[in-house]
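The next block holds one structure in the form of structure tokens; read it before the comments.
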Protein chains: 2
Amino acid sequence: MSEDVFEPAVDDIQLPTVLGALADPARLAVLRRLHEVGEAACGTLAITANLGLSKSTVSHHLKVLREAGLTSTRFVGTSRLVSVREHDMEIACPGLLAAVIGVHTHA
Amino acid sequence: MSEDVFEPAVDDIQLPTVLGALADPARLAVLRRLHEVGEAACGTLAITANLGLSKSTVSHHLKVLREAGLTSTRFVGTSRLVSVREHDMEIACPGLLAAVIGVHTHA
DNA sequence: GGCATCGTACGACGTACATCGAACAAACGC
DNA sequence: GCGTTTGTTCGATGTACGTCGTACGATGCC
């Protein structure tokens, strides 16, 4: 588990990349779950967000979210706690998170 | 040119589909152009939006935008005038369009 | 009717993506 | 130190996507 996890600076967050990261139902579900929980570990997410995905797939999705600038990762023992970069996103793409997370009627 | 162009009803607009449609720089440019112009023809867009894309590619992107529910097409002679379904989008995904179109600092 | 114009549909091609299982690396507990 | 837990990485595989040129269909003009 190397520490060289790439997280873009606020100024380097690209809108198309963010939208691409959000364009997947699984990642959308993960992001909403993270938003309401605040912080969660990868394994916990795989179970709690009740997406029927394998461990490696969830890990992959978390990587996409992180590299798009949507999430941040914190190391605690053998776990990694992931959280949404709400403040940074509000600076980079104002209103986007609220619009995407706040919608209830759509999957 | 058949008239059977599919445009989803407001209730059938899916957030992941919309986000997927927005996740392409070319489509984002087209949408912004449409937003400021109000209405434009396919050929006009291909030139005005200064994306170096072929006619068929622009047509393809317009199809993606339309099927996602983002745009509406109106038939006028041999041309098709495309416009953004701003009102419908505001109902389906409130705040999303504003967040995506209003960002200036990102491509 | 005949011809130009506008846009779509069709194949084709290369690339990117979502998904999985298995193998690996790191850190903890005993 | 050893095994367990946690998460990443590595192929591999099938699917989807972006792009193009060309061929087609529909409409307007002479």
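In the structure tokens, chains take the letters A, B, ... in the order shown, each chain's residues start at 1, and ligands count up from 1 in the order shown.
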Using only C-alpha atoms (C1' of nucleotides), determine which residues of chain C fall within 9 Å of chain B; present them as a PyMOL selection string.
chain C and resi 5-8
Interface, chain B side, toward chain A (12 Å; only C-alpha atoms) as a count of residues only
40
Need the shell around DG11 (chain D): protein/DNA/RNA residues with any atom at most 12 Å away, counting only C-alpha atoms (C1' of nucleotides). Skip same-chain ones fewer than 5 positions apart. Format as a ChimeraX atom specification?
/C:20-23
Export of the given selection (N, CA and C atoms (P, O5', C5', C4', C3', O3' and C1' of nucleotides)) as an mmCIF file, in the first residue's frame:
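File produced: part.cif:
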data_model
loop_
_atom_site.group_PDB
_atom_site.id
_atom_site.type_symbol
_atom_site.label_atom_id
_atom_site.label_comp_id
_atom_site.auth_asym_id
_atom_site.auth_seq_id
_atom_site.Cartn_x
_atom_site.Cartn_y
_atom_site.Cartn_z
ATOM 1 P P DC C 20 -18.060 -7.309 -10.626
ATOM 2 O "O5'" DC C 20 -16.952 -8.418 -10.887
ATOM 3 C "C5'" DC C 20 -17.273 -9.513 -11.721
ATOM 4 C "C4'" DC C 20 -16.021 -10.323 -12.021
ATOM 5 C "C3'" DC C 20 -15.305 -10.819 -10.778
ATOM 6 O "O3'" DC C 20 -15.683 -12.165 -10.515
ATOM 7 C "C1'" DC C 20 -13.779 -9.962 -12.456
ATOM 8 P P DG C 21 -15.285 -12.820 -9.106
ATOM 9 O "O5'" DG C 21 -13.834 -13.420 -9.418
ATOM 10 C "C5'" DG C 21 -13.670 -14.326 -10.506
ATOM 11 C "C4'" DG C 21 -12.213 -14.710 -10.629
ATOM 12 C "C3'" DG C 21 -11.571 -15.229 -9.345
ATOM 13 O "O3'" DG C 21 -10.650 -16.260 -9.658
ATOM 14 C "C1'" DG C 21 -10.442 -13.287 -10.060
ATOM 15 P P DA C 22 -9.996 -17.122 -8.484
ATOM 16 O "O5'" DA C 22 -8.457 -16.703 -8.570
ATOM 17 C "C5'" DA C 22 -7.839 -16.567 -9.854
ATOM 18 C "C4'" DA C 22 -6.508 -15.873 -9.703
ATOM 19 C "C3'" DA C 22 -5.721 -16.256 -8.454
ATOM 20 O "O3'" DA C 22 -4.347 -16.359 -8.764
ATOM 21 C "C1'" DA C 22 -6.035 -13.944 -8.482
ATOM 22 P P DA C 23 -3.310 -17.026 -7.775
ATOM 23 O "O5'" DA C 23 -2.100 -15.981 -7.744
ATOM 24 C "C5'" DA C 23 -1.775 -15.249 -8.926
ATOM 25 C "C4'" DA C 23 -1.135 -13.931 -8.560
ATOM 26 C "C3'" DA C 23 -0.152 -14.024 -7.384
ATOM 27 O "O3'" DA C 23 1.030 -13.308 -7.692
ATOM 28 C "C1'" DA C 23 -1.736 -12.345 -6.975
#
Per-residue nearest contacts chain D to chain B, cut-off 12 Å, using only C-alpha atoms (C1' of nucleotides), as JSON lines:
{"residue": "D:DA16", "atom": "C1'", "partner": "B:Gly20", "partner_atom": "CA", "distance": 11.9}
{"residue": "D:DC17", "atom": "C1'", "partner": "B:Asp24", "partner_atom": "CA", "distance": 10.5}
{"residue": "D:DG18", "atom": "C1'", "partner": "B:Thr57", "partner_atom": "CA", "distance": 8.0}
{"residue": "D:DT19", "atom": "C1'", "partner": "B:Thr57", "partner_atom": "CA", "distance": 6.6}
{"residue": "D:DC20", "atom": "C1'", "partner": "B:Ser54", "partner_atom": "CA", "distance": 7.4}
{"residue": "D:DG21", "atom": "C1'", "partner": "B:Ser56", "partner_atom": "CA", "distance": 9.1}
{"residue": "D:DT22", "atom": "C1'", "partner": "B:Ser56", "partner_atom": "CA", "distance": 10.5}
{"residue": "D:DC24", "atom": "C1'", "partner": "B:Met1", "partner_atom": "CA", "distance": 9.8}
{"residue": "D:DG25", "atom": "C1'", "partner": "B:Met1", "partner_atom": "CA", "distance": 5.8}
{"residue": "D:DA26", "atom": "C1'", "partner": "B:Met1", "partner_atom": "CA", "distance": 5.4}
{"residue": "D:DT27", "atom": "C1'", "partner": "B:Thr78", "partner_atom": "CA", "distance": 5.0}
{"residue": "D:DG28", "atom": "C1'", "partner": "B:Thr78", "partner_atom": "CA", "distance": 7.5}
Just the selected residues (N, CA and C atoms (P, O5', C5', C4', C3', O3' and C1' of nucleotides)), exported as an mmCIF file, in the first residue's frame, please.
data_model
loop_
_atom_site.group_PDB
_atom_site.id
_atom_site.type_symbol
_atom_site.label_atom_id
_atom_site.label_comp_id
_atom_site.auth_asym_id
_atom_site.auth_seq_id
_atom_site.Cartn_x
_atom_site.Cartn_y
_atom_site.Cartn_z
ATOM 1 P P DA D 16 -22.743 -2.601 -24.437
ATOM 2 O "O5'" DA D 16 -22.143 -1.131 -24.453
ATOM 3 C "C5'" DA D 16 -21.691 -0.569 -23.238
ATOM 4 C "C4'" DA D 16 -20.745 0.571 -23.526
ATOM 5 C "C3'" DA D 16 -21.299 1.591 -24.511
ATOM 6 O "O3'" DA D 16 -21.319 2.866 -23.887
ATOM 7 C "C1'" DA D 16 -19.073 0.973 -25.091
ATOM 8 P P DC D 17 -21.894 4.145 -24.641
ATOM 9 O "O5'" DC D 17 -20.582 4.857 -25.180
ATOM 10 C "C5'" DC D 17 -19.523 5.117 -24.278
ATOM 11 C "C4'" DC D 17 -18.366 5.722 -25.035
ATOM 12 C "C3'" DC D 17 -18.788 6.801 -26.028
ATOM 13 O "O3'" DC D 17 -18.018 7.956 -25.779
ATOM 14 C "C1'" DC D 17 -17.360 5.238 -27.061
ATOM 15 P P DG D 18 -18.452 9.331 -26.465
ATOM 16 O "O5'" DG D 18 -17.278 9.554 -27.514
ATOM 17 C "C5'" DG D 18 -15.957 9.688 -27.066
ATOM 18 C "C4'" DG D 18 -15.040 9.893 -28.239
ATOM 19 C "C3'" DG D 18 -15.501 10.958 -29.235
ATOM 20 O "O3'" DG D 18 -14.383 11.736 -29.640
ATOM 21 C "C1'" DG D 18 -15.296 8.865 -30.335
ATOM 22 P P DT D 19 -14.562 13.005 -30.557
ATOM 23 O "O5'" DT D 19 -14.232 12.488 -32.017
ATOM 24 C "C5'" DT D 19 -12.974 11.898 -32.301
ATOM 25 C "C4'" DT D 19 -13.001 11.182 -33.624
ATOM 26 C "C3'" DT D 19 -13.715 11.926 -34.754
ATOM 27 O "O3'" DT D 19 -12.798 12.756 -35.437
ATOM 28 C "C1'" DT D 19 -14.042 9.529 -34.808
ATOM 29 P P DC D 20 -13.283 13.691 -36.638
ATOM 30 O "O5'" DC D 20 -13.349 12.661 -37.845
ATOM 31 C "C5'" DC D 20 -12.155 12.000 -38.252
ATOM 32 C "C4'" DC D 20 -12.474 10.917 -39.274
ATOM 33 C "C3'" DC D 20 -13.210 11.434 -40.495
ATOM 34 O "O3'" DC D 20 -12.293 11.645 -41.564
ATOM 35 C "C1'" DC D 20 -14.101 9.326 -39.678
ATOM 36 P P DG D 21 -12.755 12.506 -42.845
ATOM 37 O "O5'" DG D 21 -13.288 11.361 -43.835
ATOM 38 C "C5'" DG D 21 -12.502 10.187 -44.049
ATOM 39 C "C4'" DG D 21 -13.266 9.182 -44.895
ATOM 40 C "C3'" DG D 21 -13.975 9.778 -46.105
ATOM 41 O "O3'" DG D 21 -13.868 8.892 -47.224
ATOM 42 C "C1'" DG D 21 -15.564 8.754 -44.685
ATOM 43 P P DT D 22 -14.372 9.435 -48.638
ATOM 44 O "O5'" DT D 22 -15.678 8.538 -48.839
ATOM 45 C "C5'" DT D 22 -15.651 7.171 -48.446
ATOM 46 C "C4'" DT D 22 -17.066 6.607 -48.410
ATOM 47 C "C3'" DT D 22 -17.966 7.069 -49.560
ATOM 48 O "O3'" DT D 22 -18.610 5.944 -50.138
ATOM 49 C "C1'" DT D 22 -19.055 7.378 -47.502
ATOM 50 P P DC D 24 -25.778 3.961 -51.409
ATOM 51 O "O5'" DC D 24 -26.981 4.723 -50.700
ATOM 52 C "C5'" DC D 24 -27.554 4.150 -49.532
ATOM 53 C "C4'" DC D 24 -28.324 5.209 -48.771
ATOM 54 C "C3'" DC D 24 -29.522 5.812 -49.514
ATOM 55 O "O3'" DC D 24 -30.719 5.293 -48.951
ATOM 56 C "C1'" DC D 24 -28.286 7.443 -48.263
ATOM 57 P P DG D 25 -32.083 5.605 -49.636
ATOM 58 O "O5'" DG D 25 -32.633 6.866 -48.821
ATOM 59 C "C5'" DG D 25 -32.648 6.850 -47.402
ATOM 60 C "C4'" DG D 25 -33.331 8.113 -46.879
ATOM 61 C "C3'" DG D 25 -34.511 8.603 -47.713
ATOM 62 O "O3'" DG D 25 -35.482 9.164 -46.843
ATOM 63 C "C1'" DG D 25 -32.804 10.242 -47.717
ATOM 64 P P DA D 26 -36.941 9.488 -47.385
ATOM 65 O "O5'" DA D 26 -37.140 10.974 -46.865
ATOM 66 C "C5'" DA D 26 -36.086 11.574 -46.117
ATOM 67 C "C4'" DA D 26 -36.238 13.061 -45.997
ATOM 68 C "C3'" DA D 26 -37.394 13.690 -46.757
ATOM 69 O "O3'" DA D 26 -37.813 14.852 -46.054
ATOM 70 C "C1'" DA D 26 -35.353 14.469 -47.656
ATOM 71 P P DT D 27 -39.219 15.533 -46.398
ATOM 72 O "O5'" DT D 27 -38.824 17.019 -46.809
ATOM 73 C "C5'" DT D 27 -37.962 17.750 -45.968
ATOM 74 C "C4'" DT D 27 -37.195 18.788 -46.776
ATOM 75 C "C3'" DT D 27 -38.077 19.677 -47.646
ATOM 76 O "O3'" DT D 27 -38.023 20.992 -47.139
ATOM 77 C "C1'" DT D 27 -36.091 18.996 -48.766
ATOM 78 P P DG D 28 -38.925 22.152 -47.706
ATOM 79 O "O5'" DG D 28 -37.948 22.908 -48.714
ATOM 80 C "C5'" DG D 28 -36.784 23.527 -48.201
ATOM 81 C "C4'" DG D 28 -35.939 24.078 -49.338
ATOM 82 C "C3'" DG D 28 -36.686 25.024 -50.296
ATOM 83 O "O3'" DG D 28 -35.894 26.164 -50.552
ATOM 84 C "C1'" DG D 28 -35.686 23.236 -51.506
#
Per-residue DSSP, region 15-63 of chain A, filtered to helix (DSSP H, G or I), as a PDB file with N, CA and C atoms, in the first residue's frame:
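Result went into selection_38.pdb, see below:
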ATOM      1  N   LEU A  15     -13.612  19.868 -15.299  1.00  0.00           N
ATOM      2  CA  LEU A  15     -15.044  19.575 -15.311  1.00  0.00           C
ATOM      3  C   LEU A  15     -15.400  18.312 -16.094  1.00  0.00           C
ATOM      4  N   PRO A  16     -14.918  18.127 -17.320  1.00  0.00           N
ATOM      5  CA  PRO A  16     -15.273  16.902 -18.044  1.00  0.00           C
ATOM      6  C   PRO A  16     -14.862  15.644 -17.291  1.00  0.00           C
ATOM      7  N   THR A  17     -13.706  15.684 -16.658  1.00  0.00           N
ATOM      8  CA  THR A  17     -13.243  14.530 -15.882  1.00  0.00           C
ATOM      9  C   THR A  17     -14.192  14.264 -14.715  1.00  0.00           C
ATOM     10  N   VAL A  18     -14.590  15.323 -14.021  1.00  0.00           N
ATOM     11  CA  VAL A  18     -15.517  15.181 -12.903  1.00  0.00           C
ATOM     12  C   VAL A  18     -16.838  14.583 -13.393  1.00  0.00           C
ATOM     13  N   LEU A  19     -17.335  15.123 -14.493  1.00  0.00           N
ATOM     14  CA  LEU A  19     -18.610  14.629 -15.027  1.00  0.00           C
ATOM     15  C   LEU A  19     -18.483  13.174 -15.454  1.00  0.00           C
ATOM     16  N   GLY A  20     -17.358  12.821 -16.034  1.00  0.00           N
ATOM     17  CA  GLY A  20     -17.132  11.438 -16.417  1.00  0.00           C
ATOM     18  C   GLY A  20     -17.128  10.515 -15.214  1.00  0.00           C
ATOM     19  N   ALA A  21     -16.528  10.994 -14.136  1.00  0.00           N
ATOM     20  CA  ALA A  21     -16.485  10.193 -12.917  1.00  0.00           C
ATOM     21  C   ALA A  21     -17.887  10.017 -12.340  1.00  0.00           C
ATOM     22  N   LEU A  22     -18.721  11.032 -12.512  1.00  0.00           N
ATOM     23  CA  LEU A  22     -20.073  10.978 -11.959  1.00  0.00           C
ATOM     24  C   LEU A  22     -21.039  10.201 -12.845  1.00  0.00           C
ATOM     25  N   PRO A  25     -23.480   4.899 -12.393  1.00  0.00           N
ATOM     26  CA  PRO A  25     -24.401   4.676 -11.276  1.00  0.00           C
ATOM     27  C   PRO A  25     -23.704   4.199 -10.014  1.00  0.00           C
ATOM     28  N   ALA A  26     -22.739   3.311 -10.160  1.00  0.00           N
ATOM     29  CA  ALA A  26     -22.034   2.786  -8.991  1.00  0.00           C
ATOM     30  C   ALA A  26     -21.282   3.904  -8.276  1.00  0.00           C
ATOM     31  N   ARG A  27     -20.565   4.714  -9.045  1.00  0.00           N
ATOM     32  CA  ARG A  27     -19.803   5.808  -8.429  1.00  0.00           C
ATOM     33  C   ARG A  27     -20.730   6.844  -7.836  1.00  0.00           C
ATOM     34  N   LEU A  28     -21.858   7.070  -8.473  1.00  0.00           N
ATOM     35  CA  LEU A  28     -22.843   7.999  -7.946  1.00  0.00           C
ATOM     36  C   LEU A  28     -23.351   7.500  -6.593  1.00  0.00           C
ATOM     37  N   ALA A  29     -23.619   6.211  -6.513  1.00  0.00           N
ATOM     38  CA  ALA A  29     -24.095   5.618  -5.268  1.00  0.00           C
ATOM     39  C   ALA A  29     -23.044   5.738  -4.184  1.00  0.00           C
ATOM     40  N   VAL A  30     -21.800   5.456  -4.539  1.00  0.00           N
ATOM     41  CA  VAL A  30     -20.701   5.559  -3.576  1.00  0.00           C
ATOM     42  C   VAL A  30     -20.606   6.986  -3.053  1.00  0.00           C
ATOM     43  N   LEU A  31     -20.677   7.941  -3.967  1.00  0.00           N
ATOM     44  CA  LEU A  31     -20.527   9.337  -3.588  1.00  0.00           C
ATOM     45  C   LEU A  31     -21.648   9.785  -2.648  1.00  0.00           C
ATOM     46  N   ARG A  32     -22.866   9.352  -2.923  1.00  0.00           N
ATOM     47  CA  ARG A  32     -23.991   9.711  -2.056  1.00  0.00           C
ATOM     48  C   ARG A  32     -23.840   9.096  -0.687  1.00  0.00           C
ATOM     49  N   ARG A  33     -23.416   7.859  -0.700  1.00  0.00           N
ATOM     50  CA  ARG A  33     -23.190   7.165   0.565  1.00  0.00           C
ATOM     51  C   ARG A  33     -22.137   7.910   1.383  1.00  0.00           C
ATOM     52  N   LEU A  34     -21.063   8.276   0.728  1.00  0.00           N
ATOM     53  CA  LEU A  34     -19.995   9.015   1.404  1.00  0.00           C
ATOM     54  C   LEU A  34     -20.509  10.346   1.932  1.00  0.00           C
ATOM     55  N   HIS A  35     -21.364  10.970   1.158  1.00  0.00           N
ATOM     56  CA  HIS A  35     -21.880  12.275   1.557  1.00  0.00           C
ATOM     57  C   HIS A  35     -22.692  12.181   2.835  1.00  0.00           C
ATOM     58  N   GLU A  36     -23.507  11.134   2.945  1.00  0.00           N
ATOM     59  CA  GLU A  36     -24.356  11.027   4.128  1.00  0.00           C
ATOM     60  C   GLU A  36     -23.637  10.418   5.321  1.00  0.00           C
ATOM     61  N   VAL A  37     -22.633   9.620   5.065  1.00  0.00           N
ATOM     62  CA  VAL A  37     -21.888   9.003   6.159  1.00  0.00           C
ATOM     63  C   VAL A  37     -20.746   9.910   6.621  1.00  0.00           C
ATOM     64  N   CYS A  42     -13.138   1.472   2.188  1.00  0.00           N
ATOM     65  CA  CYS A  42     -13.470   0.819   0.930  1.00  0.00           C
ATOM     66  C   CYS A  42     -14.351  -0.411   1.134  1.00  0.00           C
ATOM     67  N   GLY A  43     -13.898  -1.305   1.985  1.00  0.00           N
ATOM     68  CA  GLY A  43     -14.644  -2.531   2.226  1.00  0.00           C
ATOM     69  C   GLY A  43     -16.031  -2.265   2.768  1.00  0.00           C
ATOM     70  N   THR A  44     -16.107  -1.298   3.673  1.00  0.00           N
ATOM     71  CA  THR A  44     -17.406  -0.924   4.236  1.00  0.00           C
ATOM     72  C   THR A  44     -18.344  -0.459   3.135  1.00  0.00           C
ATOM     73  N   LEU A  45     -17.818   0.349   2.234  1.00  0.00           N
ATOM     74  CA  LEU A  45     -18.619   0.863   1.131  1.00  0.00           C
ATOM     75  C   LEU A  45     -19.161  -0.259   0.256  1.00  0.00           C
ATOM     76  N   ALA A  46     -18.309  -1.205  -0.056  1.00  0.00           N
ATOM     77  CA  ALA A  46     -18.710  -2.293  -0.939  1.00  0.00           C
ATOM     78  C   ALA A  46     -19.937  -3.008  -0.404  1.00  0.00           C
ATOM     79  N   ILE A  47     -20.053  -3.066   0.917  1.00  0.00           N
ATOM     80  CA  ILE A  47     -21.180  -3.753   1.526  1.00  0.00           C
ATOM     81  C   ILE A  47     -22.357  -2.801   1.751  1.00  0.00           C
ATOM     82  N   THR A  48     -22.069  -1.672   2.411  1.00  0.00           N
ATOM     83  CA  THR A  48     -23.111  -0.749   2.819  1.00  0.00           C
ATOM     84  C   THR A  48     -23.876  -0.141   1.652  1.00  0.00           C
ATOM     85  N   LYS A  55     -14.552  -6.475  -4.753  1.00  0.00           N
ATOM     86  CA  LYS A  55     -13.637  -5.622  -4.028  1.00  0.00           C
ATOM     87  C   LYS A  55     -12.783  -4.803  -4.999  1.00  0.00           C
ATOM     88  N   SER A  56     -12.243  -5.451  -6.006  1.00  0.00           N
ATOM     89  CA  SER A  56     -11.348  -4.764  -6.931  1.00  0.00           C
ATOM     90  C   SER A  56     -12.083  -3.708  -7.747  1.00  0.00           C
ATOM     91  N   THR A  57     -13.330  -3.984  -8.077  1.00  0.00           N
ATOM     92  CA  THR A  57     -14.103  -3.014  -8.853  1.00  0.00           C
ATOM     93  C   THR A  57     -14.388  -1.760  -8.035  1.00  0.00           C
ATOM     94  N   VAL A  58     -14.769  -1.948  -6.778  1.00  0.00           N
ATOM     95  CA  VAL A  58     -14.997  -0.800  -5.903  1.00  0.00           C
ATOM     96  C   VAL A  58     -13.719   0.006  -5.755  1.00  0.00           C
ATOM     97  N   SER A  59     -12.609  -0.699  -5.594  1.00  0.00           N
ATOM     98  CA  SER A  59     -11.320  -0.019  -5.488  1.00  0.00           C
ATOM     99  C   SER A  59     -11.056   0.823  -6.732  1.00  0.00           C
ATOM    100  N   HIS A  60     -11.373   0.257  -7.873  1.00  0.00           N
ATOM    101  CA  HIS A  60     -11.194   0.974  -9.135  1.00  0.00           C
ATOM    102  C   HIS A  60     -12.050   2.236  -9.177  1.00  0.00           C
ATOM    103  N   HIS A  61     -13.298   2.125  -8.794  1.00  0.00           N
ATOM    104  CA  HIS A  61     -14.204   3.282  -8.806  1.00  0.00           C
ATOM    105  C   HIS A  61     -13.710   4.370  -7.855  1.00  0.00           C
ATOM    106  N   LEU A  62     -13.220   3.953  -6.697  1.00  0.00           N
ATOM    107  CA  LEU A  62     -12.697   4.933  -5.749  1.00  0.00           C
ATOM    108  C   LEU A  62     -11.494   5.659  -6.332  1.00  0.00           C
ATOM    109  N   LYS A  63     -10.701   4.938  -7.098  1.00  0.00           N
ATOM    110  CA  LYS A  63      -9.545   5.554  -7.734  1.00  0.00           C
ATOM    111  C   LYS A  63     -10.002   6.618  -8.743  1.00  0.00           C
TER     112      LYS A  63
END
Report the distance between CA of Asn50 (chain A) and CA of Arg74 (chain A) in Å, rounded to one decimal place.
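Computing it gives 22.8 Å between the two atoms.
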Grab the Cα RMSD for chain B fitted onto chain A, all atoms paired in sequence order, one decimal please.
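Between chain A and chain B, the C-alpha RMSD is 0.0 Å.
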Taking the chain letters and numbering used in this document, name the residues of region 17-106 of chain A that DSSP puts in strand (DSSP E), as a ChimeraX atom specification.
/A:40-41,71-76,79-84
Write out, as a PDB file, in the first residue's frame, the residues just selected, with N, CA and C atoms.
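As written to disk, again36.pdb reads:
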ATOM      1  N   ALA A  40     -15.834   6.810   5.029  1.00  0.00           N
ATOM      2  CA  ALA A  40     -16.017   5.367   5.047  1.00  0.00           C
ATOM      3  C   ALA A  40     -14.820   4.665   4.424  1.00  0.00           C
ATOM      4  N   ALA A  41     -14.638   3.410   4.819  1.00  0.00           N
ATOM      5  CA  ALA A  41     -13.563   2.606   4.261  1.00  0.00           C
ATOM      6  C   ALA A  41     -14.060   1.885   3.016  1.00  0.00           C
ATOM      7  N   THR A  71     -12.891  12.968  -4.255  1.00  0.00           N
ATOM      8  CA  THR A  71     -12.733  12.421  -2.913  1.00  0.00           C
ATOM      9  C   THR A  71     -11.297  12.551  -2.416  1.00  0.00           C
ATOM     10  N   SER A  72     -11.157  12.390  -1.125  1.00  0.00           N
ATOM     11  CA  SER A  72      -9.857  12.442  -0.487  1.00  0.00           C
ATOM     12  C   SER A  72      -9.675  11.172   0.329  1.00  0.00           C
ATOM     13  N   THR A  73      -8.439  10.708   0.456  1.00  0.00           N
ATOM     14  CA  THR A  73      -8.185   9.463   1.169  1.00  0.00           C
ATOM     15  C   THR A  73      -7.231   9.693   2.329  1.00  0.00           C
ATOM     16  N   ARG A  74      -7.596   9.091   3.445  1.00  0.00           N
ATOM     17  CA  ARG A  74      -6.813   9.251   4.662  1.00  0.00           C
ATOM     18  C   ARG A  74      -6.443   7.860   5.162  1.00  0.00           C
ATOM     19  N   PHE A  75      -5.177   7.698   5.572  1.00  0.00           N
ATOM     20  CA  PHE A  75      -4.685   6.382   5.964  1.00  0.00           C
ATOM     21  C   PHE A  75      -4.836   6.154   7.455  1.00  0.00           C
ATOM     22  N   VAL A  76      -5.509   5.066   7.805  1.00  0.00           N
ATOM     23  CA  VAL A  76      -5.660   4.687   9.208  1.00  0.00           C
ATOM     24  C   VAL A  76      -5.396   3.192   9.304  1.00  0.00           C
ATOM     25  N   SER A  79      -6.595   0.335   6.902  1.00  0.00           N
ATOM     26  CA  SER A  79      -7.742   0.857   6.168  1.00  0.00           C
ATOM     27  C   SER A  79      -7.441   2.218   5.534  1.00  0.00           C
ATOM     28  N   ARG A  80      -8.281   2.606   4.600  1.00  0.00           N
ATOM     29  CA  ARG A  80      -8.226   3.940   4.019  1.00  0.00           C
ATOM     30  C   ARG A  80      -9.603   4.542   4.153  1.00  0.00           C
ATOM     31  N   LEU A  81      -9.658   5.676   4.787  1.00  0.00           N
ATOM     32  CA  LEU A  81     -10.940   6.338   4.955  1.00  0.00           C
ATOM     33  C   LEU A  81     -11.122   7.369   3.858  1.00  0.00           C
ATOM     34  N   VAL A  82     -12.185   7.198   3.106  1.00  0.00           N
ATOM     35  CA  VAL A  82     -12.467   8.063   1.967  1.00  0.00           C
ATOM     36  C   VAL A  82     -13.561   9.050   2.335  1.00  0.00           C
ATOM     37  N   SER A  83     -13.400  10.300   1.890  1.00  0.00           N
ATOM     38  CA  SER A  83     -14.420  11.315   2.137  1.00  0.00           C
ATOM     39  C   SER A  83     -14.544  12.212   0.911  1.00  0.00           C
ATOM     40  N   VAL A  84     -15.683  12.894   0.804  1.00  0.00           N
ATOM     41  CA  VAL A  84     -15.932  13.781  -0.331  1.00  0.00           C
ATOM     42  C   VAL A  84     -15.260  15.127  -0.096  1.00  0.00           C
TER      43      VAL A  84
END
